[in-house]
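Listing of my_file_9.txt; format and content: compact mmCIF, N, CA and C atoms.
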# COMPACT_ATOMS: atom_id res chain seq x y z
N MET A 1345 -3.22 17.92 6.57
CA MET A 1345 -3.40 16.90 5.56
C MET A 1345 -2.99 17.45 4.20
N ASP A 1346 -2.21 16.69 3.47
CA ASP A 1346 -1.83 17.07 2.13
C ASP A 1346 -3.01 16.89 1.19
N GLN A 1347 -2.92 17.56 0.08
CA GLN A 1347 -3.96 17.44 -0.94
C GLN A 1347 -3.80 16.10 -1.66
N LYS A 1348 -4.89 15.38 -1.78
CA LYS A 1348 -4.89 14.09 -2.46
C LYS A 1348 -5.77 14.21 -3.70
N VAL A 1349 -5.21 13.91 -4.86
CA VAL A 1349 -5.93 14.00 -6.13
C VAL A 1349 -6.18 12.58 -6.62
N GLU A 1350 -7.46 12.28 -6.87
CA GLU A 1350 -7.85 10.92 -7.25
C GLU A 1350 -8.84 10.93 -8.40
N VAL A 1351 -8.99 9.77 -9.00
CA VAL A 1351 -10.08 9.56 -9.96
C VAL A 1351 -11.38 9.63 -9.16
N PRO A 1352 -12.40 10.30 -9.66
CA PRO A 1352 -13.66 10.38 -8.92
C PRO A 1352 -14.25 8.99 -8.66
N ASN A 1353 -14.74 8.80 -7.43
CA ASN A 1353 -15.41 7.54 -7.10
C ASN A 1353 -16.90 7.67 -7.44
N ALA A 1354 -17.65 6.61 -7.18
CA ALA A 1354 -19.08 6.59 -7.54
C ALA A 1354 -19.85 7.72 -6.85
N GLU A 1355 -19.51 7.99 -5.60
CA GLU A 1355 -20.19 9.07 -4.86
C GLU A 1355 -19.87 10.44 -5.47
N ASP A 1356 -18.60 10.65 -5.84
CA ASP A 1356 -18.20 11.91 -6.48
C ASP A 1356 -18.95 12.10 -7.80
N ILE A 1357 -19.00 11.04 -8.59
CA ILE A 1357 -19.65 11.10 -9.89
C ILE A 1357 -21.14 11.40 -9.73
N ALA A 1358 -21.79 10.76 -8.76
CA ALA A 1358 -23.22 10.98 -8.52
C ALA A 1358 -23.47 12.43 -8.09
N ARG A 1359 -22.60 12.97 -7.25
CA ARG A 1359 -22.74 14.35 -6.78
C ARG A 1359 -22.65 15.33 -7.95
N VAL A 1360 -21.64 15.15 -8.78
CA VAL A 1360 -21.45 16.05 -9.93
C VAL A 1360 -22.60 15.90 -10.92
N GLU A 1361 -23.03 14.68 -11.15
CA GLU A 1361 -24.11 14.45 -12.11
C GLU A 1361 -25.42 15.08 -11.62
N LYS A 1362 -25.67 15.04 -10.33
CA LYS A 1362 -26.88 15.67 -9.77
C LYS A 1362 -26.83 17.18 -10.02
N MET A 1363 -25.66 17.78 -9.82
CA MET A 1363 -25.51 19.21 -10.04
C MET A 1363 -25.63 19.55 -11.52
N ARG A 1364 -25.00 18.74 -12.34
CA ARG A 1364 -25.07 18.93 -13.81
C ARG A 1364 -26.52 18.83 -14.28
N ASN A 1365 -27.24 17.85 -13.76
CA ASN A 1365 -28.64 17.66 -14.16
C ASN A 1365 -29.50 18.85 -13.77
N TRP A 1366 -29.22 19.45 -12.62
CA TRP A 1366 -30.00 20.62 -12.20
C TRP A 1366 -29.88 21.73 -13.24
N VAL A 1367 -28.68 21.93 -13.76
CA VAL A 1367 -28.49 22.95 -14.79
C VAL A 1367 -29.09 22.48 -16.11
N ARG A 1368 -28.78 21.27 -16.51
CA ARG A 1368 -29.27 20.72 -17.79
C ARG A 1368 -30.79 20.78 -17.86
N ASP A 1369 -31.46 20.56 -16.73
CA ASP A 1369 -32.92 20.53 -16.71
C ASP A 1369 -33.57 21.89 -16.92
N HIS A 1370 -32.77 22.95 -17.06
CA HIS A 1370 -33.33 24.24 -17.46
C HIS A 1370 -33.74 24.21 -18.93
N PHE A 1371 -33.18 23.27 -19.68
CA PHE A 1371 -33.63 23.05 -21.06
C PHE A 1371 -34.84 22.12 -21.01
N THR A 1372 -35.82 22.37 -21.85
CA THR A 1372 -36.96 21.46 -21.93
C THR A 1372 -36.48 20.14 -22.53
N PRO A 1373 -37.19 19.05 -22.25
CA PRO A 1373 -36.75 17.74 -22.79
C PRO A 1373 -36.52 17.74 -24.30
N GLU A 1374 -37.32 18.51 -25.02
CA GLU A 1374 -37.20 18.52 -26.47
C GLU A 1374 -35.87 19.10 -26.96
N VAL A 1375 -35.26 19.97 -26.16
CA VAL A 1375 -34.01 20.61 -26.59
C VAL A 1375 -32.86 20.36 -25.60
N ARG A 1376 -33.01 19.35 -24.78
CA ARG A 1376 -31.99 19.07 -23.76
C ARG A 1376 -30.61 18.78 -24.36
N GLU A 1377 -30.58 18.32 -25.62
CA GLU A 1377 -29.29 18.05 -26.27
C GLU A 1377 -28.46 19.31 -26.43
N LYS A 1378 -29.07 20.49 -26.28
CA LYS A 1378 -28.32 21.74 -26.35
C LYS A 1378 -27.24 21.81 -25.27
N TYR A 1379 -27.43 21.05 -24.19
CA TYR A 1379 -26.43 21.05 -23.13
C TYR A 1379 -25.08 20.53 -23.64
N GLU A 1380 -25.09 19.82 -24.74
CA GLU A 1380 -23.85 19.23 -25.25
C GLU A 1380 -22.95 20.25 -25.93
N THR A 1381 -23.48 21.39 -26.35
CA THR A 1381 -22.65 22.37 -27.05
C THR A 1381 -22.12 23.43 -26.09
N VAL A 1382 -20.90 23.85 -26.36
CA VAL A 1382 -20.26 24.89 -25.55
C VAL A 1382 -21.08 26.17 -25.59
N GLU A 1383 -21.48 26.56 -26.77
CA GLU A 1383 -22.19 27.84 -26.94
C GLU A 1383 -23.49 27.85 -26.14
N ASP A 1384 -24.24 26.76 -26.19
CA ASP A 1384 -25.51 26.72 -25.46
C ASP A 1384 -25.30 26.64 -23.95
N LYS A 1385 -24.25 25.99 -23.51
CA LYS A 1385 -23.94 25.97 -22.08
C LYS A 1385 -23.63 27.39 -21.60
N ILE A 1386 -22.81 28.09 -22.37
CA ILE A 1386 -22.46 29.47 -22.00
C ILE A 1386 -23.72 30.33 -21.96
N ARG A 1387 -24.53 30.22 -22.99
CA ARG A 1387 -25.77 31.02 -23.06
C ARG A 1387 -26.68 30.72 -21.88
N LEU A 1388 -26.82 29.45 -21.54
CA LEU A 1388 -27.68 29.06 -20.41
C LEU A 1388 -27.15 29.63 -19.10
N LEU A 1389 -25.86 29.45 -18.85
CA LEU A 1389 -25.28 29.97 -17.60
C LEU A 1389 -25.47 31.48 -17.50
N GLN A 1390 -25.17 32.19 -18.57
CA GLN A 1390 -25.27 33.65 -18.53
C GLN A 1390 -26.72 34.08 -18.33
N THR A 1391 -27.65 33.39 -18.95
CA THR A 1391 -29.07 33.72 -18.77
C THR A 1391 -29.50 33.53 -17.33
N ILE A 1392 -29.13 32.40 -16.74
CA ILE A 1392 -29.48 32.14 -15.34
C ILE A 1392 -28.93 33.24 -14.44
N LEU A 1393 -27.69 33.66 -14.70
CA LEU A 1393 -27.07 34.71 -13.88
C LEU A 1393 -27.71 36.07 -14.15
N ASP A 1394 -27.89 36.43 -15.42
CA ASP A 1394 -28.43 37.74 -15.78
C ASP A 1394 -29.86 37.93 -15.29
N GLU A 1395 -30.62 36.86 -15.29
CA GLU A 1395 -32.02 36.94 -14.88
C GLU A 1395 -32.21 36.75 -13.37
N ASN A 1396 -31.09 36.58 -12.65
CA ASN A 1396 -31.13 36.42 -11.19
C ASN A 1396 -32.06 35.29 -10.74
N TRP A 1397 -31.97 34.16 -11.44
CA TRP A 1397 -32.80 33.01 -11.09
C TRP A 1397 -32.30 32.32 -9.81
N ILE A 1398 -31.10 32.68 -9.37
CA ILE A 1398 -30.52 32.08 -8.16
C ILE A 1398 -30.12 33.21 -7.22
N ALA A 1399 -30.53 33.09 -5.96
CA ALA A 1399 -30.16 34.08 -4.95
C ALA A 1399 -28.70 33.85 -4.53
N PRO A 1400 -28.02 34.91 -4.07
CA PRO A 1400 -26.62 34.77 -3.66
C PRO A 1400 -26.39 33.76 -2.53
N ASP A 1401 -27.43 33.43 -1.77
CA ASP A 1401 -27.24 32.47 -0.67
C ASP A 1401 -27.60 31.03 -1.07
N GLU A 1402 -27.93 30.82 -2.34
CA GLU A 1402 -28.25 29.48 -2.83
C GLU A 1402 -26.97 28.82 -3.37
N THR A 1403 -26.07 28.53 -2.45
CA THR A 1403 -24.73 28.06 -2.79
C THR A 1403 -24.74 26.81 -3.65
N TRP A 1404 -25.57 25.83 -3.31
CA TRP A 1404 -25.58 24.59 -4.07
C TRP A 1404 -25.92 24.85 -5.54
N LYS A 1405 -26.91 25.68 -5.78
CA LYS A 1405 -27.30 25.99 -7.16
C LYS A 1405 -26.19 26.76 -7.88
N LEU A 1406 -25.57 27.70 -7.18
CA LEU A 1406 -24.47 28.45 -7.79
C LEU A 1406 -23.29 27.52 -8.10
N GLN A 1407 -23.03 26.58 -7.20
CA GLN A 1407 -21.95 25.63 -7.45
C GLN A 1407 -22.31 24.68 -8.59
N SER A 1408 -23.59 24.42 -8.77
CA SER A 1408 -24.02 23.61 -9.92
C SER A 1408 -23.68 24.32 -11.22
N LEU A 1409 -23.82 25.64 -11.24
CA LEU A 1409 -23.40 26.40 -12.41
C LEU A 1409 -21.91 26.22 -12.65
N GLY A 1410 -21.16 26.15 -11.57
CA GLY A 1410 -19.72 25.94 -11.66
C GLY A 1410 -19.36 24.59 -12.27
N ILE A 1411 -20.17 23.59 -11.99
CA ILE A 1411 -19.94 22.27 -12.61
C ILE A 1411 -20.10 22.38 -14.12
N THR A 1412 -21.12 23.10 -14.55
CA THR A 1412 -21.31 23.30 -16.00
C THR A 1412 -20.16 24.10 -16.58
N LEU A 1413 -19.68 25.10 -15.86
CA LEU A 1413 -18.51 25.85 -16.29
C LEU A 1413 -17.33 24.89 -16.46
N GLY A 1414 -17.19 23.96 -15.53
CA GLY A 1414 -16.14 22.95 -15.64
C GLY A 1414 -16.32 22.07 -16.86
N ASP A 1415 -17.56 21.71 -17.15
CA ASP A 1415 -17.82 20.90 -18.35
C ASP A 1415 -17.37 21.63 -19.61
N ILE A 1416 -17.55 22.94 -19.63
CA ILE A 1416 -17.10 23.73 -20.78
C ILE A 1416 -15.57 23.66 -20.88
N LEU A 1417 -14.89 23.77 -19.75
CA LEU A 1417 -13.42 23.70 -19.76
C LEU A 1417 -12.92 22.32 -20.18
N VAL A 1418 -13.66 21.29 -19.82
CA VAL A 1418 -13.31 19.94 -20.28
C VAL A 1418 -13.40 19.91 -21.80
N GLN A 1419 -14.47 20.45 -22.35
CA GLN A 1419 -14.68 20.43 -23.80
C GLN A 1419 -13.67 21.30 -24.55
N THR A 1420 -13.31 22.44 -23.99
CA THR A 1420 -12.49 23.40 -24.73
C THR A 1420 -11.00 23.27 -24.47
N MET A 1421 -10.62 22.65 -23.35
CA MET A 1421 -9.20 22.58 -23.01
C MET A 1421 -8.69 21.16 -22.78
N GLY A 1422 -9.58 20.19 -22.83
CA GLY A 1422 -9.14 18.82 -22.63
C GLY A 1422 -8.79 18.49 -21.19
N LEU A 1423 -9.33 19.23 -20.24
CA LEU A 1423 -9.08 18.95 -18.83
C LEU A 1423 -9.90 17.73 -18.41
N THR A 1424 -9.57 17.15 -17.27
CA THR A 1424 -10.22 15.94 -16.78
C THR A 1424 -10.77 16.18 -15.37
N TRP A 1425 -11.98 15.67 -15.13
CA TRP A 1425 -12.55 15.75 -13.78
C TRP A 1425 -11.77 14.81 -12.84
N VAL A 1426 -11.43 15.33 -11.68
CA VAL A 1426 -10.79 14.56 -10.62
C VAL A 1426 -11.49 14.91 -9.31
N ALA A 1427 -11.13 14.19 -8.25
CA ALA A 1427 -11.60 14.53 -6.91
C ALA A 1427 -10.37 14.95 -6.09
N VAL A 1428 -10.49 16.06 -5.41
CA VAL A 1428 -9.40 16.56 -4.57
C VAL A 1428 -9.86 16.53 -3.12
N GLU A 1429 -9.07 15.88 -2.29
CA GLU A 1429 -9.39 15.79 -0.87
C GLU A 1429 -8.29 16.46 -0.08
N ASP A 1430 -8.71 17.31 0.85
CA ASP A 1430 -7.76 17.97 1.76
C ASP A 1430 -8.43 18.15 3.11
N GLU A 1431 -7.83 18.96 3.96
CA GLU A 1431 -8.37 19.13 5.31
C GLU A 1431 -9.76 19.76 5.32
N TYR A 1432 -10.19 20.36 4.20
CA TYR A 1432 -11.49 21.01 4.12
C TYR A 1432 -12.58 20.11 3.56
N GLY A 1433 -12.20 18.95 3.04
CA GLY A 1433 -13.19 18.03 2.49
C GLY A 1433 -12.76 17.50 1.14
N ARG A 1434 -13.73 17.04 0.39
CA ARG A 1434 -13.48 16.43 -0.92
C ARG A 1434 -14.35 17.14 -1.95
N ASP A 1435 -13.74 17.63 -3.01
CA ASP A 1435 -14.47 18.38 -4.01
C ASP A 1435 -14.05 17.99 -5.41
N PRO A 1436 -14.97 18.15 -6.37
CA PRO A 1436 -14.61 17.93 -7.76
C PRO A 1436 -13.69 19.06 -8.23
N ALA A 1437 -12.77 18.70 -9.10
CA ALA A 1437 -11.84 19.68 -9.66
C ALA A 1437 -11.46 19.22 -11.06
N LEU A 1438 -10.74 20.08 -11.76
CA LEU A 1438 -10.26 19.75 -13.10
C LEU A 1438 -8.74 19.72 -13.07
N ARG A 1439 -8.20 18.73 -13.76
CA ARG A 1439 -6.74 18.59 -13.83
C ARG A 1439 -6.31 18.57 -15.30
N ASP A 1440 -5.17 19.18 -15.55
CA ASP A 1440 -4.60 19.19 -16.89
C ASP A 1440 -3.63 18.03 -17.02
N GLY A 1441 -4.12 16.92 -17.59
CA GLY A 1441 -3.28 15.74 -17.78
C GLY A 1441 -2.70 15.25 -16.48
N ASP A 1442 -1.39 14.98 -16.49
CA ASP A 1442 -0.71 14.55 -15.27
C ASP A 1442 0.07 15.69 -14.63
N THR A 1443 -0.26 16.92 -14.99
CA THR A 1443 0.45 18.08 -14.45
C THR A 1443 -0.08 18.43 -13.06
N SER A 1444 0.50 19.45 -12.48
CA SER A 1444 0.03 19.95 -11.19
C SER A 1444 -1.03 21.03 -11.36
N ILE A 1445 -1.46 21.29 -12.59
CA ILE A 1445 -2.47 22.31 -12.86
C ILE A 1445 -3.84 21.77 -12.46
N ILE A 1446 -4.43 22.39 -11.44
CA ILE A 1446 -5.75 21.97 -10.95
C ILE A 1446 -6.62 23.22 -10.79
N LEU A 1447 -7.84 23.14 -11.33
CA LEU A 1447 -8.82 24.22 -11.21
C LEU A 1447 -10.02 23.72 -10.42
N PHE A 1448 -10.66 24.63 -9.73
CA PHE A 1448 -11.86 24.31 -8.95
C PHE A 1448 -13.04 25.12 -9.51
N PRO A 1449 -13.59 24.68 -10.63
CA PRO A 1449 -14.66 25.47 -11.27
C PRO A 1449 -15.95 25.52 -10.46
N MET A 1450 -16.16 24.54 -9.58
CA MET A 1450 -17.42 24.50 -8.83
C MET A 1450 -17.66 25.79 -8.06
N THR A 1451 -16.59 26.44 -7.61
CA THR A 1451 -16.76 27.66 -6.81
C THR A 1451 -16.42 28.94 -7.56
N MET A 1452 -16.06 28.83 -8.83
CA MET A 1452 -15.67 30.03 -9.58
C MET A 1452 -16.81 31.04 -9.70
N ILE A 1453 -18.01 30.56 -9.86
CA ILE A 1453 -19.17 31.47 -9.98
C ILE A 1453 -19.71 31.82 -8.61
N SER A 1454 -19.87 30.81 -7.74
CA SER A 1454 -20.50 31.04 -6.45
C SER A 1454 -19.74 32.06 -5.60
N LYS A 1455 -18.42 31.98 -5.57
CA LYS A 1455 -17.65 32.93 -4.76
C LYS A 1455 -17.85 34.36 -5.24
N ARG A 1456 -17.93 34.54 -6.53
CA ARG A 1456 -18.10 35.89 -7.07
C ARG A 1456 -19.51 36.43 -6.80
N ILE A 1457 -20.52 35.62 -7.00
CA ILE A 1457 -21.89 36.05 -6.74
C ILE A 1457 -22.08 36.35 -5.25
N GLU A 1458 -21.53 35.51 -4.39
CA GLU A 1458 -21.66 35.73 -2.94
C GLU A 1458 -20.97 37.02 -2.51
N ARG A 1459 -19.96 37.46 -3.27
CA ARG A 1459 -19.29 38.74 -2.98
C ARG A 1459 -20.01 39.92 -3.61
N GLY A 1460 -21.10 39.65 -4.35
CA GLY A 1460 -21.87 40.72 -4.97
C GLY A 1460 -21.34 41.16 -6.32
N GLU A 1461 -20.46 40.38 -6.92
CA GLU A 1461 -19.91 40.73 -8.22
C GLU A 1461 -20.86 40.32 -9.35
N THR A 1462 -20.75 41.01 -10.46
CA THR A 1462 -21.43 40.60 -11.68
C THR A 1462 -20.52 39.63 -12.40
N VAL A 1463 -21.08 38.53 -12.87
CA VAL A 1463 -20.26 37.48 -13.50
C VAL A 1463 -20.50 37.44 -15.00
N SER A 1464 -19.41 37.48 -15.75
CA SER A 1464 -19.43 37.23 -17.18
C SER A 1464 -18.84 35.83 -17.39
N VAL A 1465 -19.67 34.92 -17.86
CA VAL A 1465 -19.21 33.55 -18.08
C VAL A 1465 -18.07 33.52 -19.10
N VAL A 1466 -18.20 34.29 -20.17
CA VAL A 1466 -17.15 34.33 -21.19
C VAL A 1466 -15.84 34.83 -20.59
N GLN A 1467 -15.91 35.86 -19.76
CA GLN A 1467 -14.70 36.40 -19.14
C GLN A 1467 -14.07 35.37 -18.20
N LEU A 1468 -14.89 34.68 -17.42
CA LEU A 1468 -14.36 33.62 -16.54
C LEU A 1468 -13.64 32.56 -17.35
N LEU A 1469 -14.26 32.14 -18.44
CA LEU A 1469 -13.64 31.13 -19.30
C LEU A 1469 -12.35 31.64 -19.93
N ASP A 1470 -12.37 32.87 -20.40
CA ASP A 1470 -11.15 33.46 -20.99
C ASP A 1470 -10.03 33.50 -19.96
N ASN A 1471 -10.36 33.90 -18.73
CA ASN A 1471 -9.34 33.96 -17.67
C ASN A 1471 -8.79 32.57 -17.37
N ALA A 1472 -9.67 31.58 -17.30
CA ALA A 1472 -9.23 30.21 -17.03
C ALA A 1472 -8.34 29.70 -18.16
N HIS A 1473 -8.72 29.98 -19.40
CA HIS A 1473 -7.93 29.56 -20.56
C HIS A 1473 -6.55 30.22 -20.52
N ASP A 1474 -6.52 31.52 -20.23
CA ASP A 1474 -5.24 32.24 -20.16
C ASP A 1474 -4.35 31.68 -19.07
N THR A 1475 -4.92 31.43 -17.90
CA THR A 1475 -4.15 30.91 -16.77
C THR A 1475 -3.58 29.54 -17.09
N VAL A 1476 -4.41 28.65 -17.59
CA VAL A 1476 -3.94 27.30 -17.92
C VAL A 1476 -2.89 27.35 -19.01
N SER A 1477 -3.07 28.17 -20.01
CA SER A 1477 -2.10 28.30 -21.10
C SER A 1477 -0.76 28.79 -20.58
N ARG A 1478 -0.77 29.80 -19.70
CA ARG A 1478 0.48 30.30 -19.11
C ARG A 1478 1.17 29.21 -18.30
N LEU A 1479 0.40 28.47 -17.50
CA LEU A 1479 0.99 27.42 -16.68
C LEU A 1479 1.53 26.29 -17.55
N ARG A 1480 0.85 25.98 -18.62
CA ARG A 1480 1.34 24.95 -19.55
C ARG A 1480 2.68 25.36 -20.14
N GLU A 1481 2.78 26.65 -20.51
CA GLU A 1481 4.04 27.15 -21.08
C GLU A 1481 5.19 27.04 -20.10
N ARG A 1482 4.89 27.22 -18.83
CA ARG A 1482 5.92 27.14 -17.78
C ARG A 1482 6.24 25.68 -17.42
N GLY A 1483 5.40 24.77 -17.91
CA GLY A 1483 5.63 23.37 -17.61
C GLY A 1483 5.21 22.96 -16.21
N ALA A 1484 4.12 23.55 -15.74
CA ALA A 1484 3.63 23.25 -14.38
C ALA A 1484 3.18 21.81 -14.26

So that I can check it, write out the structure of this file as structure tokens.
Amino acid sequence: MDQKVEVPNAEDIARVEKMRNWVRDHFTPEVREKYETVEDKIRLLQTILDENWIAPDETWKLQSLGITLGDILVQTMGLTWVAVEDEYGRDPALRDGDTSIILFPMTMISKRIERGETVSVVQLLDNAHDTVSRLRERGA
């Protein structure tokens, strides 16, 4: 099956929002608006990782962190959430305009943690920014 890139449907949106809410709810209701800023999202993700609040086998929670990582990339690079379907299933992804540049932030953190790596959120973001910038220059 070829990869199919689509606008997220209601089920896709609900799935991502549930994951986003799990991360957002680490802020108390009084300061939940902090989720709107890039800096506070980064700080929250790094704190969750540094404090080992999620075990390496808690894939859904780790992938929820990836959704927040994706939200940061939307804010900082102007990427758009899409749904990508292939022979492995359907997952949220980020697309750069109408280009072929597609990122899968949902698994960027989980794959590294499951391999036992230490994750720097800032470094992940820097790498994603560098990769997208290089691909944009090439006209991907």

Would you mind reading off the distance between atom CA of A:Tyr1379 and atom CA of A:Lys1362, one decimal, in Å?
-> 14.4 Å

Find the nearest atom pair between each residue of stretch 1405-1466 of chain A and stretch 1365-1376 of chain A for residues within 8 Å, count all atoms listed in the file, give distances in Å to one decimal, sort rows by chain and ascending number, and present the table as a Markdown table.
| residue | atom | partner | partner_atom | distance |
| --- | --- | --- | --- | --- |
| A:Lys1405 | CA | A:Trp1366 | CA | 7.8 |
| A:Ser1408 | C | A:Val1367 | N | 6.1 |
| A:Leu1409 | N | A:Val1367 | CA | 6.5 |
| A:Thr1412 | CA | A:Val1367 | CA | 7.3 |

Using only C-alpha atoms, the shortest atom-to-atom distance to A:Thr1420 among A:Ala1358, A:Ala1437, A:Leu1479, A:Ile1386 belongs to A:Ile1386

Taking the chain letters and numbering used in this document, name the residues of stretch 1382-1480 of chain A that DSSP puts in alpha helix (DSSP H), as a PyMOL selection string.
-> chain A and resi 1382-1394+1403-1421+1452-1458+1465-1480

Polymer residues at most 8 Å from A:Gly1414, all atoms listed in the file, same-chain spacing of 3 or more positions, as a ChimeraX atom specification | /A:1408-1411,1417-1420,1423,1425,1437-1438,1448-1450

Please identify which residues in chain A DSSP calls strand (DSSP E) from the backbone, and express them as number ranges by chain.
-> A: 1348-1350, 1424-1430, 1433-1439, 1446-1447

Pick out the residues sitting within 12 Å of A:Asn1471, and hand them over as a PDB file with N, CA and C atoms, in the frame of the given file; count only C-alpha atoms, and ignore anything fewer than 4 positions along from it in its own chain.
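In the end it all went to around39.pdb:
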ATOM      1  N   LEU A1417     -14.890  23.770 -19.750  1.00  0.00           N
ATOM      2  CA  LEU A1417     -13.420  23.700 -19.760  1.00  0.00           C
ATOM      3  C   LEU A1417     -12.920  22.320 -20.180  1.00  0.00           C
ATOM      4  N   LEU A1447      -7.840  23.140 -11.330  1.00  0.00           N
ATOM      5  CA  LEU A1447      -8.820  24.220 -11.210  1.00  0.00           C
ATOM      6  C   LEU A1447     -10.020  23.720 -10.420  1.00  0.00           C
ATOM      7  N   PRO A1449     -13.590  24.680 -10.630  1.00  0.00           N
ATOM      8  CA  PRO A1449     -14.660  25.470 -11.270  1.00  0.00           C
ATOM      9  C   PRO A1449     -15.950  25.520 -10.460  1.00  0.00           C
ATOM     10  N   MET A1452     -16.060  28.830  -8.830  1.00  0.00           N
ATOM     11  CA  MET A1452     -15.670  30.030  -9.580  1.00  0.00           C
ATOM     12  C   MET A1452     -16.810  31.040  -9.700  1.00  0.00           C
ATOM     13  N   SER A1464     -19.410  37.480 -15.750  1.00  0.00           N
ATOM     14  CA  SER A1464     -19.430  37.230 -17.180  1.00  0.00           C
ATOM     15  C   SER A1464     -18.840  35.830 -17.390  1.00  0.00           C
ATOM     16  N   VAL A1465     -19.670  34.920 -17.860  1.00  0.00           N
ATOM     17  CA  VAL A1465     -19.210  33.550 -18.080  1.00  0.00           C
ATOM     18  C   VAL A1465     -18.070  33.520 -19.100  1.00  0.00           C
ATOM     19  N   VAL A1466     -18.200  34.290 -20.170  1.00  0.00           N
ATOM     20  CA  VAL A1466     -17.150  34.330 -21.190  1.00  0.00           C
ATOM     21  C   VAL A1466     -15.840  34.830 -20.590  1.00  0.00           C
ATOM     22  N   GLN A1467     -15.910  35.860 -19.760  1.00  0.00           N
ATOM     23  CA  GLN A1467     -14.700  36.400 -19.140  1.00  0.00           C
ATOM     24  C   GLN A1467     -14.070  35.370 -18.200  1.00  0.00           C
ATOM     25  N   THR A1475      -4.920  31.430 -17.900  1.00  0.00           N
ATOM     26  CA  THR A1475      -4.150  30.910 -16.770  1.00  0.00           C
ATOM     27  C   THR A1475      -3.580  29.540 -17.090  1.00  0.00           C
ATOM     28  N   VAL A1476      -4.410  28.650 -17.590  1.00  0.00           N
ATOM     29  CA  VAL A1476      -3.940  27.300 -17.920  1.00  0.00           C
ATOM     30  C   VAL A1476      -2.890  27.350 -19.010  1.00  0.00           C
ATOM     31  N   SER A1477      -3.070  28.170 -20.010  1.00  0.00           N
ATOM     32  CA  SER A1477      -2.100  28.300 -21.100  1.00  0.00           C
ATOM     33  C   SER A1477      -0.760  28.790 -20.580  1.00  0.00           C
ATOM     34  N   ARG A1478      -0.770  29.800 -19.700  1.00  0.00           N
ATOM     35  CA  ARG A1478       0.480  30.300 -19.110  1.00  0.00           C
ATOM     36  C   ARG A1478       1.170  29.210 -18.300  1.00  0.00           C
TER      37      ARG A1478
END

A:Leu1388, A:Met1363, A:Gln1347, A:Leu1393: which is nearest A:Ile1453, counting only C-alpha atoms?
->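 For A:Ile1453, the nearest of the given residues is A:Leu1393.
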
With only C-alpha atoms as the atoms that count, which of A:Ile1457, A:Leu1389, A:Val1463, A:Val1426 lies nearest to A:Ile1445?
-> A:Val1426

One-decimal distance in Å that lies between atom N of A:Glu1361 and atom N of A:Arg1434 =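 Separation of atom N of A:Arg1434 and atom N of A:Glu1361: 15.0 Å.
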
Please provide the set of residues having any atom within 7 Å of A:Glu1429, restricted to only C-alpha atoms, with same-chain residues fewer than 6 positions apart removed, written as a ChimeraX atom specification.
-> /A:1347-1349,1435

Closest of A:Gly1483, A:Glu1380, A:Lys1385, A:Glu1402 to A:Thr1443 - atom-to-atom distances counting all atoms listed in the file = A:Gly1483

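Across the structure, atom C of A:Leu1413 and atom CA of A:Asp1346 are spaced 25.4 Å apart.
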
Within 8 Å of A:Met1421, counting all atoms listed in the file, which residues qualify if same-chain residues fewer than 5 places away don't, as a ChimeraX atom specification?
-> /A:1415-1416,1440,1473
